[in-house]
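Colleague: This is start02.tsv, which holds TSV, C-alpha atoms and all ligand atoms:
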```tsv
chain	number	residue	atom	x	y	z
G	229	MET	CA	231.07	8.58	36.97
G	230	ILE	CA	230.22	5.68	39.29
G	231	PRO	CA	233.30	5.01	41.44
G	232	PHE	CA	234.42	1.53	42.49
G	233	LEU	CA	234.06	2.65	46.11
G	234	ASP	CA	233.46	5.98	47.87
G	235	LEU	CA	235.22	6.43	51.22
G	236	LYS	CA	234.27	10.11	51.38
G	237	ALA	CA	230.58	9.23	51.31
G	238	GLN	CA	231.00	6.94	54.30
G	239	TYR	CA	232.90	9.57	56.30
G	240	ALA	CA	230.29	12.22	55.47
G	241	SER	CA	227.51	9.94	56.76
G	242	ILE	CA	229.06	9.62	60.27
G	243	LYS	CA	231.35	12.67	60.39
G	244	ASP	CA	230.20	13.97	63.80
G	245	GLU	CA	230.74	10.62	65.52
G	246	ILE	CA	234.17	10.09	63.95
G	247	ASP	CA	235.38	13.61	64.65
G	248	ALA	CA	234.32	13.39	68.30
G	249	ALA	CA	236.07	10.01	68.70
G	250	VAL	CA	239.31	11.34	67.20
G	251	LEU	CA	239.28	14.50	69.31
G	252	ASN	CA	238.69	12.41	72.41
G	253	VAL	CA	241.85	10.38	71.73
G	254	LEU	CA	243.86	13.53	70.98
G	255	GLY	CA	242.81	14.87	74.38
G	256	SER	CA	243.47	11.60	76.22
G	257	ALA	CA	246.98	11.28	74.68
G	258	GLN	CA	246.54	7.45	74.50
G	259	TYR	CA	248.01	7.38	71.02
G	260	VAL	CA	249.17	3.76	70.92
G	261	LEU	CA	246.94	0.92	72.27
G	262	GLY	CA	245.13	2.33	75.33
G	263	GLU	CA	241.48	2.19	76.45
G	264	GLU	CA	239.82	2.75	73.07
G	265	VAL	CA	241.80	-0.11	71.49
G	266	ALA	CA	241.04	-2.38	74.47
G	267	ALA	CA	237.32	-1.54	74.22
G	268	PHE	CA	237.39	-2.18	70.47
G	269	GLU	CA	239.00	-5.58	71.09
G	270	ARG	CA	236.20	-6.57	73.48
G	271	GLU	CA	233.51	-5.36	71.07
G	272	PHE	CA	235.02	-7.01	67.99
G	273	ALA	CA	235.49	-10.31	69.87
G	274	ALA	CA	231.79	-10.16	70.81
G	275	TYR	CA	230.90	-9.42	67.17
G	276	CYS	CA	232.82	-12.52	66.03
G	277	GLY	CA	231.61	-14.67	68.93
G	278	THR	CA	235.16	-15.36	70.16
G	279	ARG	CA	236.74	-15.14	73.63
G	280	HIS	CA	239.65	-12.95	72.54
G	281	ALA	CA	240.60	-10.28	70.01
G	282	ILE	CA	244.07	-8.76	69.76
G	283	ALA	CA	244.35	-5.56	67.69
G	284	VAL	CA	247.41	-5.01	65.52
G	285	ASN	CA	248.63	-2.52	62.92
G	286	THR	CA	247.64	-4.40	59.71
G	287	GLY	CA	245.88	-7.53	58.49
G	288	THR	CA	249.24	-8.80	57.27
G	289	SER	CA	250.63	-8.53	60.84
G	290	ALA	CA	247.57	-10.41	62.13
G	291	LEU	CA	248.37	-13.28	59.74
G	292	HIS	CA	252.09	-13.19	60.59
G	293	LEU	CA	251.55	-13.32	64.38
G	294	SER	CA	248.84	-16.00	64.16
G	295	LEU	CA	251.20	-18.22	62.19
G	296	LEU	CA	253.98	-17.67	64.76
G	297	ALA	CA	251.58	-18.35	67.64
G	298	ALA	CA	250.59	-21.62	65.92
G	299	GLY	CA	254.28	-22.58	65.98
G	300	VAL	CA	254.94	-22.11	62.25
G	301	GLY	CA	258.59	-21.47	61.40
G	302	PRO	CA	261.49	-22.27	59.06
G	303	GLY	CA	261.21	-25.65	57.32
G	304	ASP	CA	257.43	-25.84	57.79
G	305	GLU	CA	254.80	-25.82	55.06
G	306	VAL	CA	251.51	-23.94	55.14
G	307	ILE	CA	248.79	-24.89	52.65
G	308	THR	CA	246.88	-22.00	51.12
G	309	VAL	CA	245.47	-20.83	47.77
G	310	PRO	CA	247.15	-18.89	44.93
G	311	PHE	CA	244.01	-16.85	44.16
G	312	THR	CA	244.13	-14.21	46.91
G	313	PHE	CA	245.83	-10.94	47.78
G	314	VAL	CA	249.62	-11.39	47.94
G	315	ALA	CA	249.70	-10.75	51.72
G	316	THR	CA	248.37	-14.26	52.44
G	317	ALA	CA	251.51	-15.85	50.97
G	318	SER	CA	253.89	-13.11	52.15
G	319	ALA	CA	252.85	-13.57	55.80
G	320	ILE	CA	253.71	-17.28	55.48
G	321	CYS	CA	257.12	-16.38	54.00
G	322	TYR	CA	257.83	-13.93	56.88
G	323	THR	CA	257.87	-16.89	59.31
G	324	GLY	CA	260.44	-18.75	57.19
G	325	ALA	CA	257.84	-21.36	56.21
G	326	ARG	CA	256.91	-22.24	52.65
G	327	PRO	CA	253.48	-21.54	51.14
G	328	VAL	CA	252.11	-24.63	49.39
G	329	PHE	CA	249.28	-23.79	47.01
G	330	ILE	CA	246.20	-25.82	46.14
G	331	ASP	CA	243.55	-24.85	43.59
G	332	ILE	CA	240.23	-23.17	44.28
G	333	ASP	CA	236.62	-24.13	43.73
G	334	PRO	CA	235.33	-22.54	40.48
G	335	VAL	CA	232.01	-21.41	42.00
G	336	THR	CA	233.08	-19.82	45.30
G	337	PHE	CA	236.71	-18.93	44.36
G	338	THR	CA	237.79	-20.35	47.76
G	339	MET	CA	239.99	-23.34	48.71
G	340	ASP	CA	238.89	-26.64	47.15
G	341	PRO	CA	238.89	-29.04	50.14
G	342	GLU	CA	239.14	-32.02	47.77
G	343	LYS	CA	242.69	-30.91	46.93
G	344	LEU	CA	243.81	-30.67	50.54
G	345	GLU	CA	244.78	-34.20	51.57
G	346	ALA	CA	247.10	-34.87	48.63
G	347	SER	CA	249.27	-31.86	49.46
G	348	ILE	CA	249.79	-32.67	53.16
G	349	THR	CA	253.39	-33.76	53.93
G	350	PRO	CA	255.26	-34.45	57.19
G	351	ARG	CA	256.32	-30.75	57.09
G	352	THR	CA	252.80	-29.36	56.89
G	353	LYS	CA	252.04	-27.33	60.00
G	354	ALA	CA	249.00	-25.24	59.12
G	355	VAL	CA	246.24	-24.54	56.59
G	356	MET	CA	245.24	-21.01	55.68
G	357	PRO	CA	241.90	-20.83	53.83
G	358	VAL	CA	240.92	-17.39	52.51
G	359	HIS	CA	237.31	-16.17	52.75
G	360	LEU	CA	237.63	-14.43	49.40
G	361	TYR	CA	235.28	-11.59	48.38
G	362	GLY	CA	233.35	-11.97	51.68
G	363	GLN	CA	232.18	-15.59	51.44
G	364	THR	CA	233.75	-18.20	53.72
G	365	ALA	CA	235.68	-21.17	52.43
G	366	ASP	CA	234.07	-24.60	52.92
G	367	MET	CA	235.30	-24.91	56.51
G	368	ALA	CA	233.77	-28.23	57.63
G	369	PRO	CA	235.90	-30.55	55.44
G	370	ILE	CA	238.95	-28.32	55.98
G	371	MET	CA	238.58	-28.53	59.79
G	372	GLU	CA	237.98	-32.27	59.63
G	373	MET	CA	241.12	-32.90	57.55
G	374	ALA	CA	243.21	-30.56	59.74
G	375	GLU	CA	242.08	-32.37	62.88
G	376	ARG	CA	242.95	-35.75	61.37
G	377	TYR	CA	246.50	-34.59	60.56
G	378	GLY	CA	247.02	-32.32	63.61
G	379	LEU	CA	247.25	-29.08	61.59
G	380	ALA	CA	246.36	-25.56	62.77
G	381	VAL	CA	243.72	-23.78	60.69
G	382	ILE	CA	244.20	-20.00	60.48
G	383	GLU	CA	241.42	-18.17	58.64
G	384	ASP	CA	242.38	-15.27	56.37
G	385	ALA	CA	239.15	-13.36	57.06
G	386	CYS	CA	240.57	-10.02	55.85
G	387	GLN	CA	237.64	-9.67	53.40
G	388	ALA	CA	234.96	-11.32	55.53
G	389	HIS	CA	233.89	-9.20	58.54
G	390	GLY	CA	230.57	-10.65	59.66
G	391	ALA	CA	230.48	-13.48	57.10
G	392	GLU	CA	228.97	-16.73	58.38
G	393	TYR	CA	229.38	-20.46	57.77
G	394	LYS	CA	226.63	-22.76	59.08
G	395	GLY	CA	225.63	-20.03	61.55
G	396	ARG	CA	229.16	-19.34	62.81
G	397	ARG	CA	231.00	-16.09	62.24
G	398	ALA	CA	234.15	-16.02	60.11
G	399	GLY	CA	237.28	-15.96	62.24
G	400	GLY	CA	235.88	-18.10	65.05
G	401	ILE	CA	236.05	-21.46	63.28
G	402	GLY	CA	239.78	-22.24	63.04
G	403	VAL	CA	242.32	-21.76	65.86
G	404	SER	CA	242.27	-18.09	64.89
G	405	GLY	CA	240.93	-15.65	62.35
G	406	CYS	CA	242.70	-12.60	60.93
G	407	PHE	CA	241.01	-9.41	59.78
G	408	SER	CA	242.24	-6.26	58.01
G	409	PHE	CA	240.89	-2.77	58.61
G	410	TYR	CA	242.53	-1.25	55.52
G	411	PRO	CA	240.25	1.69	54.56
G	412	GLY	CA	238.50	-0.10	51.67
G	413	LYS	CA	237.61	-3.24	53.66
G	414	ASN	CA	234.04	-3.78	54.94
G	415	LEU	CA	235.17	-2.38	58.31
G	416	GLY	CA	237.90	0.15	57.53
G	417	ALA	CA	240.12	2.38	59.66
G	418	CYS	CA	241.24	5.88	58.62
G	419	GLY	CA	244.68	4.36	58.03
G	420	GLU	CA	245.98	0.84	58.65
G	421	GLY	CA	244.67	-1.73	61.14
G	422	GLY	CA	244.17	-5.44	61.75
G	423	ILE	CA	243.08	-7.93	64.42
G	424	VAL	CA	243.40	-11.58	65.44
G	425	VAL	CA	240.35	-13.29	66.99
G	426	THR	CA	240.57	-16.63	68.78
G	427	ASN	CA	238.95	-18.87	71.42
G	428	ASP	CA	242.36	-20.31	72.37
G	429	ASP	CA	243.81	-18.66	75.51
G	430	ALA	CA	247.41	-19.64	74.73
G	431	HIS	CA	247.18	-18.39	71.13
G	432	ALA	CA	245.76	-15.08	72.35
G	433	HIS	CA	248.48	-14.67	74.97
G	434	MET	CA	251.22	-15.34	72.39
G	435	VAL	CA	249.81	-12.89	69.82
G	436	ARG	CA	249.38	-10.26	72.55
G	437	MET	CA	253.03	-10.55	73.56
G	438	LEU	CA	254.39	-10.70	70.00
G	439	ARG	CA	252.60	-7.51	68.87
G	440	ASP	CA	254.33	-5.51	71.61
G	441	TRP	CA	258.00	-6.53	71.61
G	442	GLY	CA	257.42	-9.94	73.20
G	443	GLN	CA	257.03	-8.44	76.63
G	444	GLU	CA	254.79	-9.72	79.40
G	445	ARG	CA	255.77	-6.80	81.63
G	446	ARG	CA	257.32	-3.59	80.41
G	447	TYR	CA	261.01	-4.07	79.47
G	448	HIS	CA	260.89	-7.80	80.33
G	449	HIS	CA	261.07	-9.53	76.94
G	450	THR	CA	260.08	-13.20	76.94
G	451	LEU	CA	260.01	-13.49	73.14
G	452	LYS	CA	261.63	-11.75	70.16
G	453	GLY	CA	258.61	-9.65	69.31
G	454	PHE	CA	257.50	-6.93	66.92
G	455	ASN	CA	256.08	-3.42	66.97
G	456	TYR	CA	252.68	-4.33	65.49
G	457	ARG	CA	250.49	-2.25	67.84
G	458	MET	CA	247.26	-0.50	66.85
G	459	ASP	CA	246.98	3.30	67.18
G	460	GLY	CA	244.53	4.72	69.71
G	461	ILE	CA	242.89	6.88	67.04
G	462	GLN	CA	242.23	3.85	64.82
G	463	GLY	CA	240.75	1.93	67.76
G	464	ALA	CA	238.37	4.80	68.53
G	465	ILE	CA	237.33	5.16	64.86
G	466	LEU	CA	236.79	1.41	64.50
G	467	ARG	CA	234.56	1.37	67.61
G	468	VAL	CA	232.34	3.98	65.97
G	469	LYS	CA	232.25	2.16	62.64
G	470	LEU	CA	231.61	-1.26	64.20
G	471	ARG	CA	228.27	0.10	65.45
G	472	HIS	CA	227.25	0.68	61.80
G	473	LEU	CA	228.71	-2.50	60.32
G	474	GLU	CA	225.58	-4.67	60.29
G	475	ARG	CA	223.57	-1.92	58.56
G	476	TRP	CA	226.36	-1.46	55.99
G	477	THR	CA	226.60	-5.21	55.43
G	478	GLU	CA	222.85	-5.43	54.82
G	479	ALA	CA	223.16	-2.59	52.27
G	480	ARG	CA	225.93	-4.50	50.47
G	481	ARG	CA	223.81	-7.65	50.45
G	482	GLN	CA	220.86	-5.69	49.10
G	483	HIS	CA	222.97	-4.24	46.27
G	484	ALA	CA	224.31	-7.71	45.49
G	485	ARG	CA	220.79	-9.19	45.32
G	486	ARG	CA	219.74	-6.39	42.95
G	487	TYR	CA	222.78	-6.89	40.70
G	488	THR	CA	222.14	-10.62	40.59
G	489	GLU	CA	218.45	-10.08	39.68
G	490	LEU	CA	219.29	-7.57	36.96
G	491	LEU	CA	222.13	-9.60	35.46
G	492	ALA	CA	220.41	-12.99	35.76
G	493	GLY	CA	219.52	-13.22	32.10
G	494	SER	CA	222.81	-11.80	30.92
G	495	GLY	CA	224.49	-13.78	28.20
G	496	ARG	CA	227.75	-12.07	28.91
G	497	VAL	CA	228.51	-12.43	32.62
G	498	THR	CA	228.04	-15.05	35.34
G	499	THR	CA	226.99	-13.64	38.71
G	500	PRO	CA	228.40	-14.69	42.11
G	501	VAL	CA	226.74	-17.51	44.06
G	502	GLU	CA	225.88	-17.31	47.76
G	503	LEU	CA	225.73	-20.87	49.05
G	504	PRO	CA	222.74	-21.72	51.30
G	505	ASP	CA	224.77	-22.42	54.45
G	506	ARG	CA	226.74	-19.16	54.23
G	507	ARG	CA	226.30	-15.44	54.71
G	508	HIS	CA	228.21	-13.61	51.99
G	509	VAL	CA	229.17	-10.06	53.02
G	510	TYR	CA	230.11	-8.93	49.48
G	511	HIS	CA	233.38	-7.14	50.11
G	512	ILE	CA	233.68	-7.67	46.35
G	513	TYR	CA	230.92	-8.39	43.82
G	514	ALA	CA	232.86	-10.24	41.11
G	515	VAL	CA	231.24	-11.38	37.88
G	516	ARG	CA	232.89	-13.78	35.43
G	517	CYS	CA	233.20	-12.82	31.80
G	518	GLY	CA	234.92	-14.56	28.88
G	519	ASP	CA	236.00	-11.23	27.36
G	520	ARG	CA	236.68	-9.54	30.68
G	521	ASP	CA	239.22	-6.97	29.46
G	522	ALA	CA	236.88	-5.75	26.70
G	523	LEU	CA	233.99	-5.46	29.17
G	524	GLN	CA	236.18	-3.49	31.56
G	525	ARG	CA	237.21	-1.04	28.80
G	526	GLU	CA	233.60	-0.60	27.71
G	527	LEU	CA	232.46	0.08	31.27
G	528	VAL	CA	235.15	2.75	31.67
G	529	ALA	CA	233.75	4.41	28.54
G	530	GLU	CA	230.29	4.28	30.18
G	531	GLY	CA	231.66	5.96	33.32
G	532	VAL	CA	231.73	2.84	35.49
G	533	GLN	CA	234.88	2.14	37.48
G	534	THR	CA	235.67	-1.54	38.08
G	535	GLY	CA	238.45	-3.56	39.72
G	536	LEU	CA	240.42	-6.78	39.16
G	537	HIS	CA	240.75	-9.09	42.19
G	538	TYR	CA	243.18	-10.49	41.18
G	539	PRO	CA	244.66	-10.42	37.65
G	540	VAL	CA	247.76	-12.57	38.44
G	541	PRO	CA	247.62	-15.56	40.83
G	542	ILE	CA	250.43	-15.59	43.38
G	543	HIS	CA	252.18	-18.68	41.93
G	544	LEU	CA	252.78	-16.67	38.73
G	545	GLN	CA	254.06	-13.52	40.48
G	546	PRO	CA	257.79	-12.84	39.90
G	547	ALA	CA	258.21	-12.19	43.64
G	548	HIS	CA	257.30	-15.81	44.38
G	549	GLU	CA	258.96	-17.58	41.45
G	550	ASP	CA	261.41	-19.16	43.93
G	551	LEU	CA	258.54	-21.49	44.94
G	552	GLY	CA	258.97	-23.22	41.58
G	553	TYR	CA	255.40	-23.17	40.27
G	554	ARG	CA	254.46	-22.73	36.60
G	555	ALA	CA	251.56	-21.64	34.43
G	556	GLY	CA	249.11	-24.55	34.24
G	557	ASP	CA	249.68	-25.72	37.84
G	558	PHE	CA	246.36	-24.28	39.10
G	559	PRO	CA	244.00	-24.06	36.11
G	560	VAL	CA	240.90	-22.98	38.08
G	561	ALA	CA	242.76	-20.08	39.72
G	562	GLU	CA	244.36	-19.10	36.41
G	563	ALA	CA	241.00	-19.03	34.60
G	564	ALA	CA	239.49	-16.96	37.42
G	565	ALA	CA	242.36	-14.46	37.18
G	566	ARG	CA	241.56	-14.03	33.46
G	567	GLU	CA	237.79	-13.80	33.83
G	568	VAL	CA	236.77	-12.01	37.05
G	569	LEU	CA	235.65	-8.40	37.08
G	570	SER	CA	234.67	-6.56	40.26
G	571	LEU	CA	231.68	-4.22	39.90
G	572	PRO	CA	231.28	-1.19	42.20
G	573	ILE	CA	229.78	-2.13	45.57
G	574	TYR	CA	229.73	-0.10	48.80
G	575	PRO	CA	226.99	0.60	51.35
G	576	GLU	CA	226.42	4.23	50.36
G	577	MET	CA	225.79	3.32	46.71
G	578	THR	CA	222.24	4.11	45.65
G	579	GLN	CA	219.85	1.60	44.11
G	580	ARG	CA	219.84	3.80	41.00
G	581	GLN	CA	223.61	3.53	40.68
G	582	VAL	CA	223.38	-0.27	40.95
G	583	GLU	CA	220.81	-0.22	38.14
G	584	GLN	CA	223.00	2.07	36.01
G	585	VAL	CA	225.96	-0.29	36.36
G	586	ALA	CA	223.82	-3.32	35.51
G	587	ASP	CA	222.41	-1.44	32.51
G	588	ALA	CA	225.91	-0.59	31.31
G	589	VAL	CA	226.92	-4.26	31.54
G	590	GLU	CA	223.79	-5.38	29.67
G	591	GLN	CA	224.03	-2.63	27.06
G	592	GLU	CA	227.36	-3.86	25.80
G	593	ILE	CA	225.70	-7.07	24.69
G	594	HIS	CA	223.75	-5.10	22.07
G	595	VAL	CA	226.82	-3.15	20.93
G	596	HIS	CA	228.48	-6.47	20.12
C	1	LIG	C1	243.58	-6.88	52.69
C	1	LIG	C2	244.01	-8.31	52.74
C	1	LIG	C3	245.13	-8.74	53.48
C	1	LIG	C4	246.11	-7.80	54.12
C	1	LIG	O1	245.60	-6.84	54.96
C	1	LIG	P1	246.41	-5.47	55.21
C	1	LIG	O2	245.64	-4.83	56.31
C	1	LIG	O3	246.39	-4.70	53.94
C	1	LIG	O4	247.79	-5.84	55.63
C	1	LIG	C5	245.39	-10.10	53.57
C	1	LIG	N1	244.62	-11.00	52.93
C	1	LIG	C6	243.55	-10.64	52.19
C	1	LIG	C7	242.73	-11.70	51.52
C	1	LIG	C8	243.23	-9.28	52.06
C	1	LIG	O5	242.18	-8.94	51.29
```
I'd like the structure from this file rewritten - as structure tokens, please.
Modeller:
Amino acid sequence: MIPFLDLKAQYASIKDEIDAAVLNVLGSAQYVLGEEVAAFEREFAAYCGTRHAIAVNTGTSALHLSLLAAGVGPGDEVITVPFTFVATASAICYTGARPVFIDIDPVTFTMDPEKLEASITPRTKAVMPVHLYGQTADMAPIMEMAERYGLAVIEDACQAHGAEYKGRRAGGIGVSGCFSFYPGKNLGACGEGGIVVTNDDAHAHMVRMLRDWGQERRYHHTLKGFNYRMDGIQGAILRVKLRHLERWTEARRQHARRYTELLAGSGRVTTPVELPDRRHVYHIYAVRCGDRDALQRELVAEGVQTGLHYPVPIHLQPAHEDLGYRAGDFPVAEAAAREVLSLPIYPEMTQRQVEQVADAVEQEIHVH
């Protein structure tokens, strides 16, 4: 069987380093925040090319606090996309603001900037593009429009560690960028984790206070804050893994190139496109297929595990039906939800496994 991802393989490849880092934190007793988390913040900020990084407990918390730091609250609107993980919209709802969806671009699966201006209202406070699958949204027109209307741009970079747009790292383009370290992400903790990166001193200060009960000094609470702190053990593990991230990203890119070569002539699937001004980090390698569900069943029979990211766009989720959207509102997102299939991709995958998966996809053409 070829798994969709293999977290055990990654741990095995760096076991000694991880174990030593964990034992060090156990001995230091800095279990929440502490020196390892502070060092990780400095190193991740440097990786993203930003002045600040503030570590939190999840990617969702990173989004929530960034929105609050940008002044988003009840009665406001935040423009985002319906084709993403549900957390993007939920974080907006946590602030009391309303998510306003616009459709995606059919090639990159990210926000279609052409749709942006028409959905701006006097209540719009922020725009939240999602760098889906590991490729950035088209940031230049989004930033330009946001500047013209005085809107904050908060990047959902939860799938895009190390992705680049016109030579700039994801997360450092808008007022802030939010990352997740959920175990399956390109940089994953051994548990939950997240971070906000920013070049804005005031935004950083606000997020830093809000993650730790709104206090500037211990027991002096300036703001109504949250307990969104990162664990010391996760900080130490993430420091170790960050040192391997570029190598892992290059392995993902290599696997993606091989898939794309092997599937180029396929009559059955369309392969992902990496645009020339971007560095795609392939958190997900999603192909498009008209009979997606059949292909997925056939691959299971061939011993290939796949994923669906995502089968139901957020505007059609029962949890968000109060927003008042209907089927047909975002045809590009709805078609993507029907047609995308995520093939296995992770750094420790072998070239042979990539070829086996591609073979299995191609083979089904002959069965039909
Ligand atoms: C993973 C993810 C999140 C949420 O991150 P958590 O760490 O699971 O809270 C948000 N947005 C996107 C696009 C994600 O992929």
Colleague: Ligand LIG 1 (chain C): which residues are within 10 Å, counting all atoms listed in the file, as a PyMOL selection string?
Modeller: chain G and resi 284-292+311-319+357-362+383-388+406-413+416-417+419-423+511-512+537
Colleague: G:Thr308, G:Thr336, G:Thr477, G:Thr323: which is nearest Val355 of chain G, counting all atoms listed in the file?
Modeller: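 For Val355 of chain G, the nearest of the candidates is G:Thr308.
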Colleague: Could you list, as a PyMOL selection string, every residue within 9 Å of Tyr275 of chain G, counting only C-alpha atoms and ignoring same-chain residues fewer than 6 positions away?
Modeller: chain G and resi 390+397+470
Colleague: For segment 232-286 of chain G against segment 446-462 of chain G, with a cut-off of 10 Å and counting all atoms listed in the file, what is the closest atom pair and its distance in Å to one decimal for every residue that makes the cut, ordered by chain and number, as a Markdown table?
Modeller:
```
| residue | atom | partner | partner_atom | distance |
| --- | --- | --- | --- | --- |
| G:Ile246 | CA | G:Ile461 | CA | 9.8 |
| G:Ala249 | CA | G:Ile461 | CA | 7.7 |
| G:Val250 | CA | G:Ile461 | CA | 5.7 |
| G:Leu251 | CA | G:Ile461 | CA | 8.7 |
| G:Asn252 | CA | G:Ile461 | CA | 8.8 |
| G:Val253 | CA | G:Ile461 | CA | 5.9 |
| G:Leu254 | CA | G:Ile461 | CA | 7.8 |
| G:Ser256 | CA | G:Gly460 | CA | 9.5 |
| G:Ala257 | CA | G:Gly460 | CA | 8.6 |
| G:Gln258 | CA | G:Gly460 | CA | 5.9 |
| G:Tyr259 | CA | G:Gly460 | CA | 4.6 |
| G:Val260 | CA | G:Asp459 | CA | 4.4 |
| G:Leu261 | CA | G:Gly460 | CA | 5.2 |
| G:Gly262 | CA | G:Gly460 | CA | 6.1 |
| G:Glu263 | CA | G:Gly460 | CA | 7.8 |
| G:Glu264 | CA | G:Gly460 | CA | 6.1 |
| G:Val265 | CA | G:Gly460 | CA | 5.8 |
| G:Ala266 | CA | G:Gly460 | CA | 9.2 |
| G:Phe268 | CA | G:Gln462 | CA | 9.6 |
| G:Ile282 | CA | G:Met458 | CA | 9.3 |
| G:Ala283 | CA | G:Met458 | CA | 5.9 |
| G:Val284 | CA | G:Met458 | CA | 4.7 |
| G:Asn285 | CA | G:Met458 | CA | 4.6 |
| G:Thr286 | CA | G:Tyr456 | CA | 7.7 |
```
Colleague: Write to file, as an mmCIF file, in the coordinates of the input, the residues of the selection just made, with C-alpha atoms.
Modeller:
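Produced file again.cif, reproduced below:
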```cif
data_model
loop_
_atom_site.group_PDB
_atom_site.id
_atom_site.type_symbol
_atom_site.label_atom_id
_atom_site.label_comp_id
_atom_site.auth_asym_id
_atom_site.auth_seq_id
_atom_site.Cartn_x
_atom_site.Cartn_y
_atom_site.Cartn_z
ATOM 1 C CA ILE G 246 234.170 10.090 63.950
ATOM 2 C CA ALA G 249 236.070 10.010 68.700
ATOM 3 C CA VAL G 250 239.310 11.340 67.200
ATOM 4 C CA LEU G 251 239.280 14.500 69.310
ATOM 5 C CA ASN G 252 238.690 12.410 72.410
ATOM 6 C CA VAL G 253 241.850 10.380 71.730
ATOM 7 C CA LEU G 254 243.860 13.530 70.980
ATOM 8 C CA SER G 256 243.470 11.600 76.220
ATOM 9 C CA ALA G 257 246.980 11.280 74.680
ATOM 10 C CA GLN G 258 246.540 7.450 74.500
ATOM 11 C CA TYR G 259 248.010 7.380 71.020
ATOM 12 C CA VAL G 260 249.170 3.760 70.920
ATOM 13 C CA LEU G 261 246.940 0.920 72.270
ATOM 14 C CA GLY G 262 245.130 2.330 75.330
ATOM 15 C CA GLU G 263 241.480 2.190 76.450
ATOM 16 C CA GLU G 264 239.820 2.750 73.070
ATOM 17 C CA VAL G 265 241.800 -0.110 71.490
ATOM 18 C CA ALA G 266 241.040 -2.380 74.470
ATOM 19 C CA PHE G 268 237.390 -2.180 70.470
ATOM 20 C CA ILE G 282 244.070 -8.760 69.760
ATOM 21 C CA ALA G 283 244.350 -5.560 67.690
ATOM 22 C CA VAL G 284 247.410 -5.010 65.520
ATOM 23 C CA ASN G 285 248.630 -2.520 62.920
ATOM 24 C CA THR G 286 247.640 -4.400 59.710
#
```
Colleague: Do you have the atom CA of Tyr393 of chain G-atom CA of Arg506 of chain G distance handy?
Modeller: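 Those two atoms sit 4.6 Å apart.
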Colleague: Could you check how far atom CA of Tyr574 of chain G sits from atom CA of Arg507 of chain G, in Å to one decimal?
Modeller: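 Taking atom CA of Tyr574 of chain G and atom CA of Arg507 of chain G, their separation equals 16.8 Å.
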Colleague: Given all atoms listed in the file as the basis, pick out the residue of G:Glu372, G:Leu233, G:Asn427, G:Val309 nearest to Leu571 of chain G.
Modeller: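 Between G:Glu372, G:Leu233, G:Asn427, G:Val309, the residue approaching Leu571 of chain G most closely is G:Leu233.
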Colleague: Which residue, G:Leu379, G:Ala563, G:Val501, G:Val509, has the smallest gap to Asp331 of chain G when you use all atoms listed in the file?
Modeller: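 Checking each candidate against Asp331 of chain G, we get G:Ala563 as the closest.
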Colleague: Which residue, G:Arg580, G:Glu478, G:Met434, G:Ala588, has the smallest gap to Arg496 of chain G when you use only C-alpha atoms?
Modeller: G:Ala588
Colleague: Given all atoms listed in the file as the basis, pick out the residue of G:Gly493, G:Pro334, G:Gly303, G:Pro341 nearest to Cys321 of chain G.
Modeller: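 Counting all atoms listed in the file, the residue closest to Cys321 of chain G is G:Gly303.
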Colleague: Measure the distance from atom CA of Ala484 of chain G to atom CA of Tyr510 of chain G in Å and round it to one decimal.
Modeller: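 Computing it gives 7.1 Å between the two atoms.
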Colleague: Between G:Glu576, G:Glu502, G:Asp521, G:Glu245, which has the minimum distance to Asn414 of chain G (counting all atoms listed in the file)?
Modeller: G:Glu576
Colleague: Please identify all polymer residues within 10 Å of Arg520 of chain G, counting only C-alpha atoms, omitting same-chain residues fewer than 3 positions from it, and present them as a VMD selection string.
Modeller: chain G and resid 496 to 497 515 to 517 523 to 526 536 565 to 569
